[in-house]
$ cat coords_20.csv   # CSV, C-alpha atoms and all ligand atoms
chain,number,residue,atom,x,y,z
F,15,MET,CA,-35.7,-19.7,-24.5
F,16,LEU,CA,-34.3,-16.7,-26.3
F,17,ASN,CA,-34.9,-14.6,-23.3
F,18,VAL,CA,-33.1,-17.0,-21.0
F,19,MET,CA,-30.1,-17.0,-23.4
F,20,LEU,CA,-30.0,-13.3,-23.5
F,21,LEU,CA,-30.2,-13.2,-19.7
F,22,LEU,CA,-27.3,-15.6,-19.5
F,23,LEU,CA,-25.3,-13.7,-22.0
F,24,ASN,CA,-25.9,-10.5,-20.1
F,25,GLN,CA,-24.8,-12.2,-16.8
F,26,LEU,CA,-21.6,-13.5,-18.5
F,27,LYS,CA,-20.9,-10.1,-19.9
F,28,ASN,CA,-21.2,-8.6,-16.4
F,29,PHE,CA,-19.0,-11.3,-15.0
F,30,PHE,CA,-16.2,-10.7,-17.5
F,31,PHE,CA,-16.6,-6.9,-17.2
F,32,ASN,CA,-16.2,-7.2,-13.5
F,33,TYR,CA,-13.3,-9.6,-13.9
F,34,ILE,CA,-11.4,-7.5,-16.3
F,35,THR,CA,-11.9,-4.3,-14.3
F,36,ILE,CA,-10.7,-5.8,-11.0
F,37,MET,CA,-7.6,-7.3,-12.7
F,38,SER,CA,-4.2,-5.8,-12.0
F,39,LYS,CA,-5.1,-3.6,-9.1
F,40,ILE,CA,-2.0,-1.8,-8.0
F,41,ILE,CA,-2.2,-0.7,-4.4
F,42,ALA,CA,0.5,1.2,-2.4
F,43,ILE,CA,0.4,0.5,1.3
F,44,THR,CA,1.6,3.8,2.6
F,45,ASN,CA,1.7,6.2,5.6
F,46,GLN,CA,4.7,8.5,6.1
F,47,LYS,CA,4.4,7.8,9.8
F,48,GLY,CA,6.6,4.9,10.9
F,49,GLY,CA,5.6,1.7,12.7
F,50,VAL,CA,1.9,1.9,11.9
F,51,GLY,CA,1.6,-1.5,10.4
F,52,LYS,CA,2.3,-0.9,6.7
F,53,THR,CA,4.6,-4.0,6.3
F,54,THR,CA,2.3,-6.2,8.5
F,55,THR,CA,-0.6,-5.1,6.3
F,56,ALA,CA,1.3,-5.6,3.0
F,57,ILE,CA,2.4,-9.2,4.0
F,58,ASN,CA,-0.9,-10.3,5.5
F,59,LEU,CA,-3.2,-8.7,2.9
F,60,ALA,CA,-1.1,-10.3,0.2
F,61,ALA,CA,-1.3,-13.7,1.8
F,62,SER,CA,-5.0,-13.4,2.5
F,63,LEU,CA,-5.8,-12.3,-1.1
F,64,ALA,CA,-3.7,-15.2,-2.4
F,65,SER,CA,-5.7,-17.6,-0.2
F,66,LEU,CA,-8.8,-16.2,-1.8
F,67,ASP,CA,-7.5,-17.4,-5.2
F,68,GLN,CA,-6.1,-14.0,-6.3
F,69,THR,CA,-2.7,-13.9,-8.0
F,70,VAL,CA,-0.7,-11.5,-6.0
F,71,LEU,CA,2.7,-9.8,-6.3
F,72,LEU,CA,4.2,-7.9,-3.3
F,73,ILE,CA,6.8,-5.3,-4.2
F,74,ASP,CA,9.1,-4.4,-1.3
F,75,LEU,CA,10.1,-0.8,-1.8
F,76,ASP,CA,11.4,-0.1,1.7
F,77,PRO,CA,15.2,-0.5,2.1
F,78,GLN,CA,14.5,-2.0,5.6
F,79,GLY,CA,13.5,-5.1,3.7
F,80,ASN,CA,11.0,-6.1,6.4
F,81,ALA,CA,8.4,-7.3,3.8
F,82,THR,CA,11.2,-9.4,2.2
F,83,MET,CA,12.2,-11.1,5.5
F,84,GLY,CA,8.5,-11.4,6.7
F,85,SER,CA,7.8,-13.2,3.4
F,86,GLY,CA,10.4,-15.8,4.2
F,87,LEU,CA,13.3,-14.5,2.0
F,88,ASP,CA,16.7,-13.6,3.5
F,89,LYS,CA,17.5,-10.1,2.4
F,90,ALA,CA,21.2,-10.8,2.7
F,91,GLU,CA,21.0,-13.5,0.0
F,92,LEU,CA,19.2,-11.7,-2.8
F,93,TYR,CA,20.3,-12.2,-6.4
F,94,TYR,CA,18.4,-9.3,-7.8
F,95,SER,CA,16.3,-6.8,-5.8
F,96,THR,CA,14.0,-3.8,-6.4
F,97,CYS,CA,17.2,-1.7,-6.2
F,98,ASP,CA,18.3,-3.2,-9.5
F,99,VAL,CA,14.9,-2.6,-10.9
F,100,MET,CA,14.7,1.1,-9.9
F,101,LEU,CA,18.1,1.7,-11.5
F,102,ASP,CA,17.0,0.0,-14.7
F,103,GLN,CA,19.6,-2.7,-14.4
F,104,VAL,CA,17.2,-5.5,-14.5
F,105,ALA,CA,13.6,-6.1,-15.5
F,106,LEU,CA,11.1,-6.5,-12.7
F,107,VAL,CA,10.2,-10.0,-13.9
F,108,ASP,CA,13.8,-11.1,-13.2
F,109,ALA,CA,13.7,-9.8,-9.7
F,110,ILE,CA,10.5,-11.6,-8.8
F,111,VAL,CA,10.7,-14.6,-6.6
F,112,ASP,CA,8.0,-17.2,-6.9
F,113,GLY,CA,7.2,-20.4,-5.0
F,114,LEU,CA,7.6,-19.0,-1.5
F,115,PRO,CA,5.4,-20.6,1.3
F,116,CYS,CA,3.6,-17.3,1.8
F,117,GLY,CA,1.6,-18.0,-1.4
F,118,TYR,CA,2.4,-14.8,-3.3
F,119,ALA,CA,5.2,-13.6,-5.6
F,120,LEU,CA,7.7,-11.2,-4.1
F,121,ALA,CA,9.9,-8.5,-5.6
F,122,PRO,CA,12.4,-8.4,-2.6
F,123,THR,CA,14.8,-5.7,-1.4
F,124,ASN,CA,17.5,-4.8,1.0
F,125,GLY,CA,19.6,-1.9,2.2
F,126,ASP,CA,21.0,-1.3,-1.3
F,127,LEU,CA,17.8,0.4,-2.1
F,128,THR,CA,18.9,3.4,0.1
F,129,ALA,CA,21.7,4.1,-2.3
F,130,ALA,CA,19.4,3.7,-5.2
F,131,GLU,CA,17.0,6.2,-3.7
F,132,VAL,CA,19.9,8.8,-3.6
F,133,GLU,CA,21.0,7.9,-7.2
F,134,LEU,CA,17.4,8.1,-8.4
F,135,THR,CA,17.1,11.8,-7.6
F,136,THR,CA,19.7,12.6,-10.3
F,137,LEU,CA,18.2,10.3,-13.0
F,138,ALA,CA,15.8,11.1,-15.8
F,139,ASN,CA,12.2,10.0,-15.4
F,140,ARG,CA,12.9,9.3,-11.8
F,141,GLU,CA,9.3,9.4,-10.5
F,142,HIS,CA,8.1,6.9,-13.2
F,143,ARG,CA,10.7,4.1,-12.8
F,144,LEU,CA,8.4,1.7,-10.9
F,145,ARG,CA,5.4,2.5,-13.0
F,146,ASN,CA,7.4,1.7,-16.2
F,147,ALA,CA,8.8,-1.5,-14.6
F,148,ILE,CA,5.4,-2.7,-13.7
F,149,LEU,CA,4.0,-2.3,-17.2
F,150,ASP,CA,5.5,-5.6,-18.5
F,151,ILE,CA,4.1,-7.7,-15.7
F,152,ARG,CA,0.9,-6.0,-14.5
F,153,ASP,CA,-1.4,-8.4,-16.5
F,154,HIS,CA,0.1,-11.4,-14.8
F,155,TYR,CA,-1.4,-10.5,-11.4
F,156,ASP,CA,-4.8,-9.7,-9.9
F,157,TYR,CA,-3.2,-7.6,-7.3
F,158,ILE,CA,0.1,-5.8,-7.0
F,159,LEU,CA,0.8,-4.5,-3.5
F,160,ILE,CA,3.7,-2.1,-2.8
F,161,ASP,CA,5.2,-1.8,0.7
F,162,THR,CA,6.6,1.7,1.1
F,163,PRO,CA,9.1,3.4,3.5
F,164,PRO,CA,8.0,5.6,6.5
F,165,SER,CA,8.9,8.8,4.7
F,166,LEU,CA,8.0,10.7,1.7
F,167,ASN,CA,11.0,10.2,-0.5
F,168,MET,CA,11.6,9.3,-4.2
F,169,LEU,CA,10.7,5.6,-3.4
F,170,THR,CA,7.4,6.5,-1.9
F,171,LEU,CA,6.7,8.9,-4.8
F,172,ASN,CA,7.5,6.1,-7.3
F,173,ALA,CA,5.0,3.9,-5.5
F,174,LEU,CA,2.3,6.6,-5.6
F,175,VAL,CA,2.9,7.2,-9.3
F,176,ALA,CA,2.8,3.5,-10.1
F,177,ALA,CA,-0.3,2.8,-7.9
F,178,GLU,CA,-3.9,3.0,-8.8
F,179,ALA,CA,-4.9,3.2,-5.2
F,180,VAL,CA,-3.6,3.7,-1.7
F,181,ILE,CA,-4.4,1.8,1.5
F,182,VAL,CA,-3.4,3.8,4.6
F,183,PRO,CA,-2.8,1.7,7.7
F,184,MET,CA,-3.0,3.9,10.8
F,185,GLN,CA,-3.1,3.5,14.6
F,186,CYS,CA,-6.0,5.2,16.4
F,187,GLU,CA,-4.1,7.8,18.2
F,188,TYR,CA,-3.9,11.6,18.1
F,189,PHE,CA,-0.7,12.0,16.0
F,190,ALA,CA,-2.2,9.5,13.5
F,191,LEU,CA,-4.8,12.1,12.5
F,192,GLU,CA,-2.0,14.6,11.9
F,193,GLY,CA,-0.1,12.2,9.7
F,194,LEU,CA,-3.2,11.3,7.8
F,195,SER,CA,-3.9,14.9,7.0
F,196,ALA,CA,-0.4,15.2,5.6
F,197,LEU,CA,-0.8,12.1,3.6
F,198,MET,CA,-4.1,13.3,2.1
F,199,THR,CA,-2.3,16.4,1.0
F,200,THR,CA,0.4,14.3,-0.6
F,201,VAL,CA,-2.0,12.1,-2.5
F,202,GLU,CA,-3.9,15.2,-3.7
F,203,GLY,CA,-0.5,16.6,-4.9
F,204,VAL,CA,0.3,13.4,-6.8
F,205,ARG,CA,-3.1,13.4,-8.3
F,206,SER,CA,-2.8,16.9,-9.6
F,207,THR,CA,0.6,16.3,-11.1
F,208,LEU,CA,2.0,12.9,-11.7
F,209,ASN,CA,-0.9,10.4,-11.4
F,210,PRO,CA,-4.4,11.8,-11.9
F,211,SER,CA,-6.1,8.4,-11.4
F,212,LEU,CA,-4.7,7.8,-7.9
F,213,LYS,CA,-7.3,7.2,-5.3
F,214,ILE,CA,-7.6,6.3,-1.7
F,215,GLU,CA,-8.7,2.7,-1.5
F,216,GLY,CA,-9.3,2.8,2.2
F,217,LEU,CA,-8.1,3.7,5.7
F,218,LEU,CA,-7.3,0.7,7.9
F,219,ARG,CA,-7.3,0.9,11.7
F,220,THR,CA,-4.3,-1.2,12.9
F,221,MET,CA,-3.1,-2.4,16.3
F,222,PHE,CA,-6.6,-1.5,17.6
F,223,ASP,CA,-7.3,-1.9,21.3
F,224,GLY,CA,-11.0,-1.4,22.1
F,225,ARG,CA,-10.2,-1.1,25.8
F,226,ASN,CA,-8.4,2.2,25.1
F,227,ASN,CA,-10.7,5.2,25.3
F,228,LEU,CA,-8.5,7.3,23.0
F,229,ALA,CA,-8.4,4.6,20.4
F,230,ASN,CA,-12.2,4.5,20.4
F,231,ASP,CA,-12.5,8.3,20.2
F,232,VAL,CA,-10.1,8.5,17.3
F,233,SER,CA,-11.8,5.6,15.6
F,234,ALA,CA,-15.1,7.4,15.9
F,235,GLN,CA,-13.6,10.5,14.5
F,236,LEU,CA,-12.2,8.6,11.5
F,237,ASP,CA,-15.7,7.2,10.8
F,238,GLU,CA,-17.2,10.7,11.1
F,239,HIS,CA,-14.6,12.5,8.9
F,240,PHE,CA,-14.0,9.8,6.3
F,241,GLY,CA,-17.1,7.7,6.3
F,242,SER,CA,-17.0,4.9,3.8
F,243,LEU,CA,-13.3,5.4,3.2
F,244,VAL,CA,-12.7,3.6,6.5
F,245,TYR,CA,-12.6,-0.2,6.2
F,246,ARG,CA,-15.2,-2.0,8.4
F,247,ALA,CA,-12.5,-4.6,9.0
F,248,PHE,CA,-10.0,-3.4,11.6
F,249,ILE,CA,-6.8,-5.1,12.8
F,250,PRO,CA,-6.6,-5.7,16.6
F,251,ARG,CA,-3.4,-5.6,18.5
F,252,ASN,CA,-2.4,-9.3,18.4
F,253,VAL,CA,0.9,-10.7,19.4
F,254,ARG,CA,0.7,-13.4,16.7
F,255,LEU,CA,1.0,-10.7,14.1
F,256,ALA,CA,4.2,-9.5,15.7
F,257,GLU,CA,5.6,-13.0,16.1
F,258,ALA,CA,4.9,-14.3,12.6
F,259,PRO,CA,7.6,-12.3,10.7
F,260,SER,CA,10.4,-13.9,12.7
F,261,TYR,CA,9.3,-17.2,11.2
F,262,GLY,CA,9.2,-15.7,7.7
F,263,LEU,CA,5.5,-16.4,7.5
F,264,PRO,CA,2.2,-14.4,7.1
F,265,VAL,CA,0.2,-14.9,10.3
F,266,MET,CA,-2.4,-17.2,8.5
F,267,TYR,CA,0.4,-19.8,8.1
F,268,TYR,CA,1.7,-19.2,11.6
F,269,ASP,CA,-1.5,-19.3,13.5
F,270,LYS,CA,-4.6,-19.4,11.3
F,271,GLY,CA,-7.0,-19.2,14.2
F,272,SER,CA,-5.5,-16.0,15.7
F,273,ARG,CA,-7.5,-12.8,15.7
F,274,GLY,CA,-4.8,-11.2,13.5
F,275,ALA,CA,-5.2,-13.9,10.8
F,276,LYS,CA,-9.0,-13.5,10.9
F,277,ALA,CA,-8.8,-9.7,10.7
F,278,TYR,CA,-6.6,-9.7,7.7
F,279,LEU,CA,-8.8,-12.3,5.9
F,280,ALA,CA,-11.8,-10.1,6.6
F,281,LEU,CA,-9.9,-7.1,5.2
F,282,ALA,CA,-9.0,-9.1,2.0
F,283,GLN,CA,-12.7,-10.0,1.6
F,284,GLU,CA,-13.7,-6.4,2.0
F,285,VAL,CA,-11.0,-5.3,-0.6
F,286,LEU,CA,-12.4,-7.8,-3.1
F,287,ALA,CA,-16.0,-6.9,-2.5
F,288,GLN,CA,-15.1,-3.2,-2.9
F,289,ALA,CA,-13.3,-3.9,-6.2
F,290,LEU,CA,-16.4,-5.7,-7.5
F,291,SER,CA,-18.8,-3.0,-6.4
F,292,ARG,CA,-16.7,-0.2,-7.8
F,293,SER,CA,-16.0,-2.0,-11.1
F,294,SER,CA,-18.7,-0.3,-13.0
F,295,ASN,CA,-17.5,3.2,-11.9
F,296,HIS,CA,-14.0,4.2,-13.0
F,297,GLU,CA,-14.2,7.7,-11.6
F,298,PRO,CA,-11.5,8.2,-8.9
F,299,SER,CA,-13.3,8.9,-5.6
F,300,PRO,CA,-12.8,12.4,-4.4
F,301,ILE,CA,-10.6,13.0,-1.4
F,302,VAL,CA,-12.4,15.4,0.8
F,303,LEU,CA,-11.6,16.5,4.3
F,304,LYS,CA,-15.1,17.0,5.7
F,305,LYS,CA,-13.8,18.9,8.7
F,306,ASP,CA,-10.5,20.4,9.6
F,307,LEU,CA,-8.3,17.8,11.4
F,308,PRO,CA,-6.0,19.0,14.1
F,309,ILE,CA,-2.6,19.7,12.6
F,310,LYS,CA,0.5,20.7,14.3
F,311,ASN,CA,3.8,21.7,12.8
F,312,GLN,CA,6.0,18.8,11.8
F,313,PRO,CA,9.8,18.8,11.9
F,314,GLU,CA,11.3,20.0,8.6
F,315,GLU,CA,12.2,17.1,6.3
F,316,THR,CA,15.1,17.3,3.9
F,317,THR,CA,14.1,17.5,0.3
F,318,PRO,CA,16.2,15.8,-2.4
F,319,PRO,CA,17.8,18.4,-4.8
F,320,GLY,CA,15.5,19.1,-7.8
F,321,SER,CA,12.7,17.1,-6.4
F,322,ALA,CA,9.1,18.1,-6.9
F,323,LEU,CA,8.6,17.7,-3.2
F,324,GLN,CA,8.7,20.7,-1.0
F,325,VAL,CA,8.0,21.5,2.6
F,326,ALA,CA,5.2,24.1,3.0
F,327,ASP,CA,5.0,26.6,5.8
F,328,ASP,CA,2.7,24.5,7.8
F,329,GLY,CA,5.2,21.6,7.7
F,330,VAL,CA,3.3,19.5,5.3
F,331,LEU,CA,5.1,18.1,2.3
F,332,VAL,CA,3.5,19.3,-0.9
F,333,PHE,CA,4.3,19.2,-4.6
F,334,GLN,CA,5.3,21.9,-6.9
F,335,LEU,CA,3.2,21.9,-10.0
F,336,LYS,CA,6.2,22.3,-12.3
F,337,GLN,CA,7.3,19.0,-13.7
F,338,ASN,CA,10.9,17.9,-13.5
F,339,LYS,CA,13.2,17.9,-16.5
F,340,LYS,CA,13.2,14.6,-18.3
C,1,LIG,N1,-1.9,-5.6,14.8
C,1,LIG,C1,-0.7,-5.7,15.4
C,1,LIG,N2,-0.6,-6.3,16.6
C,1,LIG,C2,0.6,-6.4,17.3
C,1,LIG,N3,1.8,-6.0,16.7
C,1,LIG,C3,1.8,-5.4,15.5
C,1,LIG,C4,0.5,-5.3,14.8
C,1,LIG,N4,0.8,-4.7,13.6
C,1,LIG,C5,2.1,-4.5,13.5
C,1,LIG,N5,2.7,-5.0,14.7
C,1,LIG,C6,4.1,-4.8,15.0
C,1,LIG,O1,4.4,-3.5,15.1
C,1,LIG,C7,5.7,-3.2,14.6
C,1,LIG,C8,5.5,-2.2,13.4
C,1,LIG,O2,4.8,-2.8,12.4
C,1,LIG,P1,5.2,-2.7,10.9
C,1,LIG,O3,6.6,-3.1,10.7
C,1,LIG,O4,4.2,-3.5,10.1
C,1,LIG,O5,5.0,-1.2,10.7
C,1,LIG,P2,5.5,-0.3,9.5
C,1,LIG,O6,4.5,0.8,9.3
C,1,LIG,O7,5.8,-1.1,8.3
C,1,LIG,O8,6.9,0.2,10.0
C,1,LIG,P3,7.9,1.1,9.2
C,1,LIG,O9,7.4,2.5,9.1
C,1,LIG,O10,9.2,1.0,10.1
C,1,LIG,O11,8.1,0.5,7.9
C,1,LIG,C9,6.3,-4.5,14.2
C,1,LIG,O12,7.1,-5.0,15.2
C,1,LIG,C10,5.0,-5.4,14.0
C,1,LIG,O13,5.3,-6.8,14.2
C,2,MG,MG,7.5,-1.3,7.1
$ encode --input "coords_20.csv" --output "structure tokens" --more "lines below"
Ligand SMILES: Nc1ncnc2c1ncn2[C@@H]1O[C@H](COP(=O)(O)OP(=O)(O)OP(=O)(O)O)[C@@H](O)[C@H]1O
Ligand SMILES: [Mg+2]
Amino acid sequence: MLNVMLLLLNQLKNFFFNYITIMSKIIAITNQKGGVGKTTTAINLAASLASLDQTVLLIDLDPQGNATMGSGLDKAELYYSTCDVMLDQVALVDAIVDGLPCGYALAPTNGDLTAAEVELTTLANREHRLRNAILDIRDHYDYILIDTPPSLNMLTLNALVAAEAVIVPMQCEYFALEGLSALMTTVEGVRSTLNPSLKIEGLLRTMFDGRNNLANDVSAQLDEHFGSLVYRAFIPRNVRLAEAPSYGLPVMYYDKGSRGAKAYLALAQEVLAQALSRSSNHEPSPIVLKKDLPIKNQPEETTPPGSALQVADDGVLVFQLKQNKK
């Protein structure tokens, strides 16, 4: 009898340990390459996690406001937005909109965030704005997803400083590998300076078309180079995924039988399973490029004055180790 009780207690302890450690997982959905499926992933992963009984907040940190519109909120009608939050004019809790049909809470945005990004570069503690804003509300959610812009600017940097992990959506094409290499360098830079616990949660193959030889080749290369970092779930090219945002709905509420809806549900299940299996190991997973990936020079990007971001000779954005003045 005593043995049975001890066993039960042990199981309960494990359950609560798992539960506590998977709480408040803050994940930035990022890739400095444009149009790779960041927003589609943010919206549909958020909705799929919510449908699996997770409490989810999606933070729209891209001035395009696509995640806002795709979640069913008109970006022209916002009362408060993440722009106000980043400029410390309002608490994040006041910008959050609940009760949307998408099933998750949303911190929306619009084009005003572009001005905020410029203003941010002159403000103290500029890289930590989002991290600080999230502190008050992080315990209210199982998952906080952050949709980021297609560039490496102060907004993306805020997302990487606030996040515990990064999901990288990518298309299986040659230039995707190039962008991925740059992103890995960036994440490593953030880890060594502003956010030591940042880790890569996973690489997600998006808009995948198995009839395309190049897509299959690149997909195999990803598996070879990054192994278990690549999600088993992959997102097929599916017109329903492209249509759903125009109805302001995640695809599972637009066409739940579509291949897109099933793929994002499979991804959410994998993310949850991964969180459980990793819960007893708090060490950030190392980011290792097993082999050199093909890298070409990228066009020079402008760097905000005084930013920690710099463009290296090989065109990859890197971080200076010196911290900015507070
Ligand atoms: N799996 C898919 N199948 C078909 N269309 C898709 C798929 N994923 C995304 N799309 C479409 O591709 C376009 C780009 O996707 P999305 O906006 O999610 O990319 P993004 O990385 O967020 O872009 P940006 O860098 O501009 O923010 C959109 O029109 C979207 O509807
Ligand atoms: Mg986007």
$ closest_atom_pairs --input "coords_20.csv" --of "stretch 121-239 of chain F" --to "stretch 269-293 of chain F" --cutoff "9 Å" --atoms "all atoms listed in the file" --output "JSON lines"
{"residue": "F:Glu215", "atom": "CA", "partner": "F:Val285", "partner_atom": "CA", "distance": 8.4}
{"residue": "F:Gly216", "atom": "CA", "partner": "F:Val285", "partner_atom": "CA", "distance": 8.7}
{"residue": "F:Leu218", "atom": "CA", "partner": "F:Leu281", "partner_atom": "CA", "distance": 8.7}
$ closest_atom_pairs --input "coords_20.csv" --of "chain F" --to "ligand LIG 1 (chain C)" --cutoff "6 Å" --atoms "only C-alpha atoms and all ligand atoms" --output "tab-separated table"
residue	atom	partner	partner_atom	distance
F:Gly48	CA	C:LIG1	O9	3.1
F:Gly49	CA	C:LIG1	O8	3.4
F:Val50	CA	C:LIG1	O6	3.8
F:Gly51	CA	C:LIG1	O4	3.3
F:Lys52	CA	C:LIG1	O6	3.8
F:Thr53	CA	C:LIG1	O7	3.7
F:Thr54	CA	C:LIG1	O4	3.7
F:Pro163	CA	C:LIG1	O11	5.4
F:Pro164	CA	C:LIG1	O9	4.1
F:Thr220	CA	C:LIG1	N1	5.4
F:Met221	CA	C:LIG1	N1	3.7
F:Ile249	CA	C:LIG1	N1	5.3
F:Pro250	CA	C:LIG1	N1	5.0
F:Arg251	CA	C:LIG1	N2	3.5
F:Asn252	CA	C:LIG1	N2	3.9
F:Val253	CA	C:LIG1	C2	4.8
F:Leu255	CA	C:LIG1	N2	5.3
F:Ala256	CA	C:LIG1	O13	3.3
$ closest_residue --input "coords_20.csv" --among "F:Ala56, F:Ala234, F:Leu127, F:Ile40" --to "ligand MG 2 (chain C)" --atoms "only C-alpha atoms and all ligand atoms"
F:Ala56
$ atom_distance --input "coords_20.csv" --atom1 "atom CA of F:Gly241" --atom2 "atom CA of F:Gln185"
16.8 Å
$ atom_distance --input "coords_20.csv" --atom1 "atom CA of F:Met266" --atom2 "atom CA of F:Glu178"
26.6 Å
$ residues_around --input "coords_20.csv" --residues "F:Asp237" --least-positions-apart "3" --cutoff "12 Å" --atoms "all atoms listed in the file" --output "ChimeraX atom specification"
/F:186,216-219,230-234,240-246,304
$ residues_around --input "coords_20.csv" --residues "stretch 84-95 of chain F" --least-positions-apart "2" --cutoff "6 Å" --atoms "all atoms listed in the file" --output "ChimeraX atom specification"
/F:80-82,97-98,109,122-124,259,262-263
$ closest_residue --input "coords_20.csv" --among "F:Ile160, F:Met100, F:Val132, F:Leu59" --to "ligand MG 2 (chain C)" --atoms "only C-alpha atoms and all ligand atoms"
F:Ile160
$ closest_residue --input "coords_20.csv" --among "F:Ser65, F:Thr135, F:Ser206, F:Thr162" --to "ligand MG 2 (chain C)" --atoms "all atoms listed in the file"
F:Thr162
